[in-house]
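K.L.:
So here's final.cif (mmCIF, N, CA and C atoms).
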data_entry
#
loop_
_atom_site.label_atom_id
_atom_site.label_comp_id
_atom_site.auth_asym_id
_atom_site.auth_seq_id
_atom_site.Cartn_x
_atom_site.Cartn_y
_atom_site.Cartn_z
N THR A 1 -94.87 20.45 248.10
CA THR A 1 -94.18 20.82 249.32
C THR A 1 -93.09 19.80 249.61
N PHE A 2 -91.92 20.30 249.93
CA PHE A 2 -90.79 19.45 250.28
C PHE A 2 -90.80 19.21 251.78
N GLU A 3 -90.83 17.95 252.18
CA GLU A 3 -90.82 17.62 253.60
C GLU A 3 -89.66 16.69 253.91
N VAL A 4 -89.05 16.91 255.05
CA VAL A 4 -87.94 16.08 255.49
C VAL A 4 -88.38 15.34 256.75
N ASP A 5 -88.09 14.06 256.79
CA ASP A 5 -88.44 13.24 257.95
C ASP A 5 -87.22 12.38 258.29
N ILE A 6 -86.55 12.71 259.39
CA ILE A 6 -85.33 11.98 259.72
C ILE A 6 -85.59 10.52 260.08
N SER A 7 -86.85 10.17 260.32
CA SER A 7 -87.14 8.76 260.60
C SER A 7 -86.97 7.91 259.34
N ASN A 8 -86.94 8.54 258.16
CA ASN A 8 -86.65 7.79 256.92
C ASN A 8 -85.28 7.14 257.01
N THR A 9 -84.33 7.83 257.61
CA THR A 9 -82.98 7.30 257.77
C THR A 9 -83.02 6.01 258.57
N LYS A 10 -83.76 6.04 259.67
CA LYS A 10 -83.87 4.85 260.51
C LYS A 10 -84.52 3.70 259.74
N ARG A 11 -85.59 4.00 259.03
CA ARG A 11 -86.28 2.95 258.26
C ARG A 11 -85.37 2.34 257.20
N LEU A 12 -84.55 3.17 256.56
CA LEU A 12 -83.64 2.67 255.53
C LEU A 12 -82.54 1.77 256.11
N LEU A 13 -82.24 1.94 257.38
CA LEU A 13 -81.17 1.17 258.01
C LEU A 13 -81.67 -0.04 258.80
N GLU A 14 -82.97 -0.31 258.72
CA GLU A 14 -83.53 -1.46 259.41
C GLU A 14 -83.51 -2.68 258.50
N GLY A 15 -83.70 -3.83 259.09
CA GLY A 15 -83.88 -5.06 258.33
C GLY A 15 -82.65 -5.50 257.56
N LYS A 16 -82.91 -6.24 256.49
CA LYS A 16 -81.84 -6.84 255.68
C LYS A 16 -80.91 -5.78 255.10
N ARG A 17 -81.48 -4.68 254.60
CA ARG A 17 -80.65 -3.61 254.02
C ARG A 17 -79.65 -3.09 255.05
N GLY A 18 -80.13 -2.81 256.25
CA GLY A 18 -79.25 -2.32 257.31
C GLY A 18 -78.18 -3.33 257.68
N GLU A 19 -78.57 -4.59 257.70
CA GLU A 19 -77.61 -5.65 258.01
C GLU A 19 -76.48 -5.69 256.98
N ILE A 20 -76.83 -5.57 255.72
CA ILE A 20 -75.82 -5.57 254.65
C ILE A 20 -74.91 -4.35 254.77
N ILE A 21 -75.50 -3.20 255.05
CA ILE A 21 -74.72 -1.97 255.21
C ILE A 21 -73.71 -2.13 256.35
N ARG A 22 -74.15 -2.69 257.46
CA ARG A 22 -73.25 -2.88 258.61
C ARG A 22 -72.16 -3.91 258.28
N GLN A 23 -72.52 -4.99 257.61
CA GLN A 23 -71.53 -6.01 257.25
C GLN A 23 -70.45 -5.45 256.33
N LYS A 24 -70.84 -4.58 255.43
CA LYS A 24 -69.89 -4.02 254.47
C LYS A 24 -69.19 -2.78 255.02
N ASP A 25 -69.52 -2.40 256.25
CA ASP A 25 -68.93 -1.24 256.91
C ASP A 25 -69.07 0.03 256.07
N ILE A 26 -70.26 0.19 255.50
CA ILE A 26 -70.57 1.37 254.68
C ILE A 26 -70.86 2.55 255.60
N ILE A 27 -70.27 3.68 255.30
CA ILE A 27 -70.52 4.90 256.08
C ILE A 27 -71.81 5.53 255.57
N VAL A 28 -72.77 5.65 256.46
CA VAL A 28 -74.06 6.25 256.13
C VAL A 28 -74.05 7.69 256.63
N VAL A 29 -74.49 8.61 255.78
CA VAL A 29 -74.51 10.03 256.10
C VAL A 29 -75.95 10.51 256.23
N GLY A 30 -76.27 11.13 257.35
CA GLY A 30 -77.57 11.78 257.53
C GLY A 30 -77.48 13.15 256.89
N GLU A 31 -78.41 13.45 255.97
CA GLU A 31 -78.22 14.64 255.14
C GLU A 31 -79.18 15.79 255.35
N SER A 32 -80.31 15.59 255.95
CA SER A 32 -81.27 16.69 256.03
C SER A 32 -82.11 16.61 257.29
N GLY A 33 -82.64 17.75 257.69
CA GLY A 33 -83.60 17.80 258.79
C GLY A 33 -82.99 17.71 260.17
N LEU A 34 -81.72 18.02 260.29
CA LEU A 34 -81.04 17.93 261.58
C LEU A 34 -80.90 19.32 262.18
N PHE A 35 -81.64 19.55 263.27
CA PHE A 35 -81.68 20.89 263.86
C PHE A 35 -81.33 20.92 265.34
N THR A 36 -81.35 19.76 266.00
CA THR A 36 -81.12 19.73 267.45
C THR A 36 -80.17 18.60 267.82
N PRO A 37 -79.60 18.66 269.03
CA PRO A 37 -78.79 17.53 269.49
C PRO A 37 -79.58 16.21 269.50
N ASP A 38 -80.87 16.29 269.80
CA ASP A 38 -81.69 15.08 269.78
C ASP A 38 -81.79 14.49 268.38
N ASP A 39 -81.87 15.36 267.36
CA ASP A 39 -81.89 14.88 265.97
C ASP A 39 -80.60 14.13 265.64
N ILE A 40 -79.48 14.70 266.04
CA ILE A 40 -78.17 14.07 265.80
C ILE A 40 -78.12 12.71 266.50
N ALA A 41 -78.54 12.67 267.76
CA ALA A 41 -78.53 11.42 268.53
C ALA A 41 -79.43 10.37 267.88
N TYR A 42 -80.58 10.80 267.39
CA TYR A 42 -81.53 9.87 266.76
C TYR A 42 -80.92 9.18 265.55
N VAL A 43 -80.29 9.95 264.66
CA VAL A 43 -79.72 9.32 263.47
C VAL A 43 -78.46 8.53 263.81
N GLN A 44 -77.71 8.95 264.82
CA GLN A 44 -76.55 8.16 265.26
C GLN A 44 -77.00 6.81 265.78
N GLU A 45 -78.06 6.80 266.57
CA GLU A 45 -78.59 5.54 267.10
C GLU A 45 -79.09 4.64 265.98
N ALA A 46 -79.54 5.23 264.88
CA ALA A 46 -80.02 4.46 263.73
C ALA A 46 -78.86 3.85 262.94
N GLY A 47 -77.63 4.38 263.13
CA GLY A 47 -76.48 3.83 262.43
C GLY A 47 -75.73 4.81 261.56
N VAL A 48 -76.14 6.08 261.59
CA VAL A 48 -75.46 7.10 260.80
C VAL A 48 -74.09 7.39 261.42
N LYS A 49 -73.08 7.52 260.58
CA LYS A 49 -71.71 7.78 261.05
C LYS A 49 -71.25 9.21 260.78
N ALA A 50 -72.00 9.95 259.96
CA ALA A 50 -71.65 11.34 259.63
C ALA A 50 -72.93 12.09 259.32
N VAL A 51 -72.91 13.40 259.48
CA VAL A 51 -74.08 14.21 259.16
C VAL A 51 -73.67 15.43 258.35
N LEU A 52 -74.58 15.86 257.52
CA LEU A 52 -74.44 17.12 256.80
C LEU A 52 -75.50 18.05 257.34
N VAL A 53 -75.09 19.21 257.78
CA VAL A 53 -76.06 20.20 258.25
C VAL A 53 -75.87 21.46 257.44
N GLY A 54 -76.95 22.08 257.09
CA GLY A 54 -76.88 23.29 256.29
C GLY A 54 -77.81 24.34 256.82
N GLU A 55 -79.10 24.11 256.60
CA GLU A 55 -80.11 25.10 256.95
C GLU A 55 -80.03 25.51 258.42
N SER A 56 -79.83 24.55 259.30
CA SER A 56 -79.79 24.88 260.72
C SER A 56 -78.62 25.80 261.06
N LEU A 57 -77.54 25.75 260.27
CA LEU A 57 -76.40 26.64 260.51
C LEU A 57 -76.53 27.95 259.76
N VAL A 58 -77.07 27.90 258.55
CA VAL A 58 -77.23 29.11 257.75
C VAL A 58 -78.12 30.11 258.46
N LYS A 59 -79.08 29.62 259.21
CA LYS A 59 -80.02 30.50 259.91
C LYS A 59 -79.45 31.10 261.19
N GLN A 60 -78.25 30.69 261.58
CA GLN A 60 -77.64 31.19 262.81
C GLN A 60 -76.91 32.51 262.56
N SER A 61 -77.02 33.44 263.50
CA SER A 61 -76.24 34.67 263.39
C SER A 61 -74.76 34.39 263.66
N ASP A 62 -74.48 33.37 264.46
CA ASP A 62 -73.11 32.95 264.76
C ASP A 62 -73.00 31.45 264.50
N PRO A 63 -72.56 31.05 263.30
CA PRO A 63 -72.49 29.62 262.98
C PRO A 63 -71.67 28.79 263.97
N GLY A 64 -70.60 29.36 264.52
CA GLY A 64 -69.80 28.63 265.50
C GLY A 64 -70.62 28.25 266.73
N SER A 65 -71.41 29.19 267.21
CA SER A 65 -72.29 28.90 268.35
C SER A 65 -73.37 27.90 267.95
N GLY A 66 -73.84 28.02 266.70
CA GLY A 66 -74.84 27.08 266.20
C GLY A 66 -74.32 25.66 266.18
N ILE A 67 -73.06 25.50 265.77
CA ILE A 67 -72.44 24.17 265.77
C ILE A 67 -72.32 23.65 267.20
N ALA A 68 -71.86 24.50 268.10
CA ALA A 68 -71.73 24.09 269.50
C ALA A 68 -73.09 23.69 270.07
N ASP A 69 -74.14 24.44 269.74
CA ASP A 69 -75.48 24.11 270.22
C ASP A 69 -75.95 22.79 269.63
N LEU A 70 -75.69 22.58 268.35
CA LEU A 70 -76.14 21.38 267.66
C LEU A 70 -75.48 20.13 268.23
N TYR A 71 -74.20 20.22 268.54
CA TYR A 71 -73.47 19.06 269.05
C TYR A 71 -73.37 19.03 270.57
N GLY A 72 -73.89 20.07 271.21
CA GLY A 72 -73.89 20.10 272.66
C GLY A 72 -72.54 20.41 273.28
N ARG A 73 -71.59 20.86 272.44
CA ARG A 73 -70.26 21.20 272.96
C ARG A 73 -69.52 22.01 271.92
N ASN A 74 -68.49 22.71 272.35
CA ASN A 74 -67.64 23.48 271.45
C ASN A 74 -66.69 22.51 270.75
N ILE A 75 -66.72 22.49 269.42
CA ILE A 75 -65.86 21.56 268.68
C ILE A 75 -64.76 22.28 267.92
N SER A 76 -64.51 23.55 268.26
CA SER A 76 -63.52 24.34 267.51
C SER A 76 -62.08 24.03 267.90
N SER A 77 -61.86 23.45 269.08
CA SER A 77 -60.47 23.20 269.50
C SER A 77 -60.05 21.77 269.24
#
Represent the structure of the file as structure tokens.

P.N.:
Amino acid sequence: TFEVDISNTKRLLEGKRGEIIRQKDIIVVGESGLFTPDDIAYVQEAGVKAVLVGESLVKQSDPGSGIADLYGRNISS
């Protein structure tokens, strides 16, 4: 069974590894398991600078509305 746990992102960005990533100004991308605005906020607080979302949008009848719901605002303009 394939399981996704967004707290892995936070764990990877803690401690010495996270310190090095921040010092080198490396862009960290959250790649899976993002379905709600709270999920996005959680990985942003952990240090993620970009996200990839797929499944949460593919399952939407209107992907534009799905994006607005995910980010809590309309980002089309």

K.L.:
One decimal, in Å: what's the spacing between atom C of Leu57 of chain A and atom N of Gly30 of chain A?

P.N.:
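These two atoms are separated by 17.0 Å.
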
K.L.:
Counting only N, CA and C atoms, which residue out of A:Val28, A:Val43, A:Ala50, A:Val58 sits closest to Ile6 of chain A?

P.N.:
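Closest candidate: A:Val43.
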
K.L.:
Near Asp69 of chain A, within 10 Å and counting only C-alpha atoms, which residues show up once chain neighbours fewer than 6 positions away are dropped, as a compact mmCIF listing (two decimals) with N, CA and C atoms, keeping the file's coordinate frame?

P.N.:
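Written out: out_18.txt:
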# COMPACT_ATOMS: atom_id res chain seq x y z
N PHE A 35 -81.64 19.55 263.27
CA PHE A 35 -81.68 20.89 263.86
C PHE A 35 -81.33 20.92 265.34
N THR A 36 -81.35 19.76 266.00
CA THR A 36 -81.12 19.73 267.45
C THR A 36 -80.17 18.60 267.82
N PRO A 37 -79.60 18.66 269.03
CA PRO A 37 -78.79 17.53 269.49
C PRO A 37 -79.58 16.21 269.50
N PRO A 63 -72.56 31.05 263.30
CA PRO A 63 -72.49 29.62 262.98
C PRO A 63 -71.67 28.79 263.97

K.L.:
Which protein, DNA or RNA residues are at most 12 Å from (-78.5, 9.8, 269.0) in the file's coordinates when you count only C-alpha atoms, listed as a PyMOL selection string?

P.N.:
chain A and resi 6+10+30+34+36-51+70-72

K.L.:
Give as a ChimeraX atom specification the residues that the PyMOL selection byres (((chain A and resi 26 and name CA) around 12) and name CA) matches when applied to the coordinates above.

P.N.:
/A:13,17-25,27-29,47-50

K.L.:
Using DSSP secondary structure from the backbone, list all strand (DSSP E) positions within chain A, as an MDAnalysis selection string.

P.N.:
chainID A and resid 29:30 50:51

K.L.:
Just to confirm, what's the straight-line distance from atom CA of Ser56 of chain A to atom N of Leu12 of chain A in Å (one decimal)?

P.N.:
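Atom CA of Ser56 of chain A sits 22.6 Å away from atom N of Leu12 of chain A.
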
K.L.:
Would you compute the distance between atom CA of Thr9 of chain A and atom CA of Glu31 of chain A? Give it in Å to one decimal.

P.N.:
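According to the coordinates, atom CA of Thr9 of chain A and atom CA of Glu31 of chain A are separated by 9.1 Å.
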
K.L.:
Could you give me the residues within chain A that DSSP places in helix (DSSP H, G or I), as a ChimeraX atom specification?

P.N.:
/A:7-12,15-23,37-46,55-58,63-71

K.L.:
Have a look at A:Asn8, A:Gly33, A:Glu3, A:Lys16 and name the one nearest to Gly54 of chain A; count only N, CA and C atoms.

P.N.:
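Answer, going by the shortest atom-to-atom distance: A:Gly33.
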
K.L.:
Around all listed atoms of segment 39-58 of chain A, padded 8 Å per side, what centre and edge lengths does the axis-aligned box have in Å to one decimal, as JSON?

P.N.:
{"center_x": -76.6, "center_y": 17.0, "center_z": 262.4, "size_x": 26.6, "size_y": 42.3, "size_z": 28.2}

K.L.:
Please write segment 15-34 of chain A of the preceding block to a file containing N, CA and C atoms, as a compact mmCIF listing (two decimals), in the first residue's frame?

P.N.:
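selection.txt, freshly written:
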# COMPACT_ATOMS: atom_id res chain seq x y z
N GLY A 15 16.35 20.13 11.84
CA GLY A 15 17.72 19.83 12.22
C GLY A 15 18.77 20.36 11.26
N LYS A 16 19.91 19.68 11.26
CA LYS A 16 21.07 20.10 10.47
C LYS A 16 20.75 20.14 8.98
N ARG A 17 20.03 19.13 8.48
CA ARG A 17 19.68 19.10 7.05
C ARG A 17 18.90 20.35 6.67
N GLY A 18 17.89 20.69 7.46
CA GLY A 18 17.09 21.87 7.18
C GLY A 18 17.90 23.15 7.24
N GLU A 19 18.82 23.19 8.19
CA GLU A 19 19.69 24.37 8.32
C GLU A 19 20.54 24.56 7.05
N ILE A 20 21.09 23.47 6.55
CA ILE A 20 21.90 23.53 5.32
C ILE A 20 21.05 23.97 4.13
N ILE A 21 19.86 23.41 4.04
CA ILE A 21 18.94 23.77 2.94
C ILE A 21 18.64 25.27 2.98
N ARG A 22 18.37 25.80 4.16
CA ARG A 22 18.07 27.23 4.29
C ARG A 22 19.30 28.08 3.97
N GLN A 23 20.46 27.67 4.43
CA GLN A 23 21.69 28.43 4.16
C GLN A 23 21.99 28.50 2.67
N LYS A 24 21.73 27.41 1.97
CA LYS A 24 22.01 27.36 0.54
C LYS A 24 20.86 27.90 -0.30
N ASP A 25 19.79 28.34 0.36
CA ASP A 25 18.62 28.90 -0.31
C ASP A 25 18.06 27.94 -1.35
N ILE A 26 17.99 26.66 -0.98
CA ILE A 26 17.46 25.62 -1.86
C ILE A 26 15.93 25.69 -1.82
N ILE A 27 15.32 25.65 -2.98
CA ILE A 27 13.86 25.64 -3.07
C ILE A 27 13.37 24.22 -2.85
N VAL A 28 12.57 24.05 -1.82
CA VAL A 28 12.01 22.74 -1.49
C VAL A 28 10.58 22.70 -2.01
N VAL A 29 10.23 21.60 -2.68
CA VAL A 29 8.91 21.43 -3.28
C VAL A 29 8.16 20.33 -2.53
N GLY A 30 6.96 20.65 -2.07
CA GLY A 30 6.06 19.65 -1.49
C GLY A 30 5.35 18.96 -2.64
N GLU A 31 5.44 17.62 -2.68
CA GLU A 31 5.00 16.93 -3.89
C GLU A 31 3.76 16.07 -3.79
N SER A 32 3.34 15.67 -2.62
CA SER A 32 2.22 14.74 -2.56
C SER A 32 1.40 14.95 -1.30
N GLY A 33 0.14 14.51 -1.37
CA GLY A 33 -0.71 14.50 -0.20
C GLY A 33 -1.30 15.84 0.19
N LEU A 34 -1.35 16.77 -0.74
CA LEU A 34 -1.85 18.10 -0.45
C LEU A 34 -3.28 18.23 -0.98
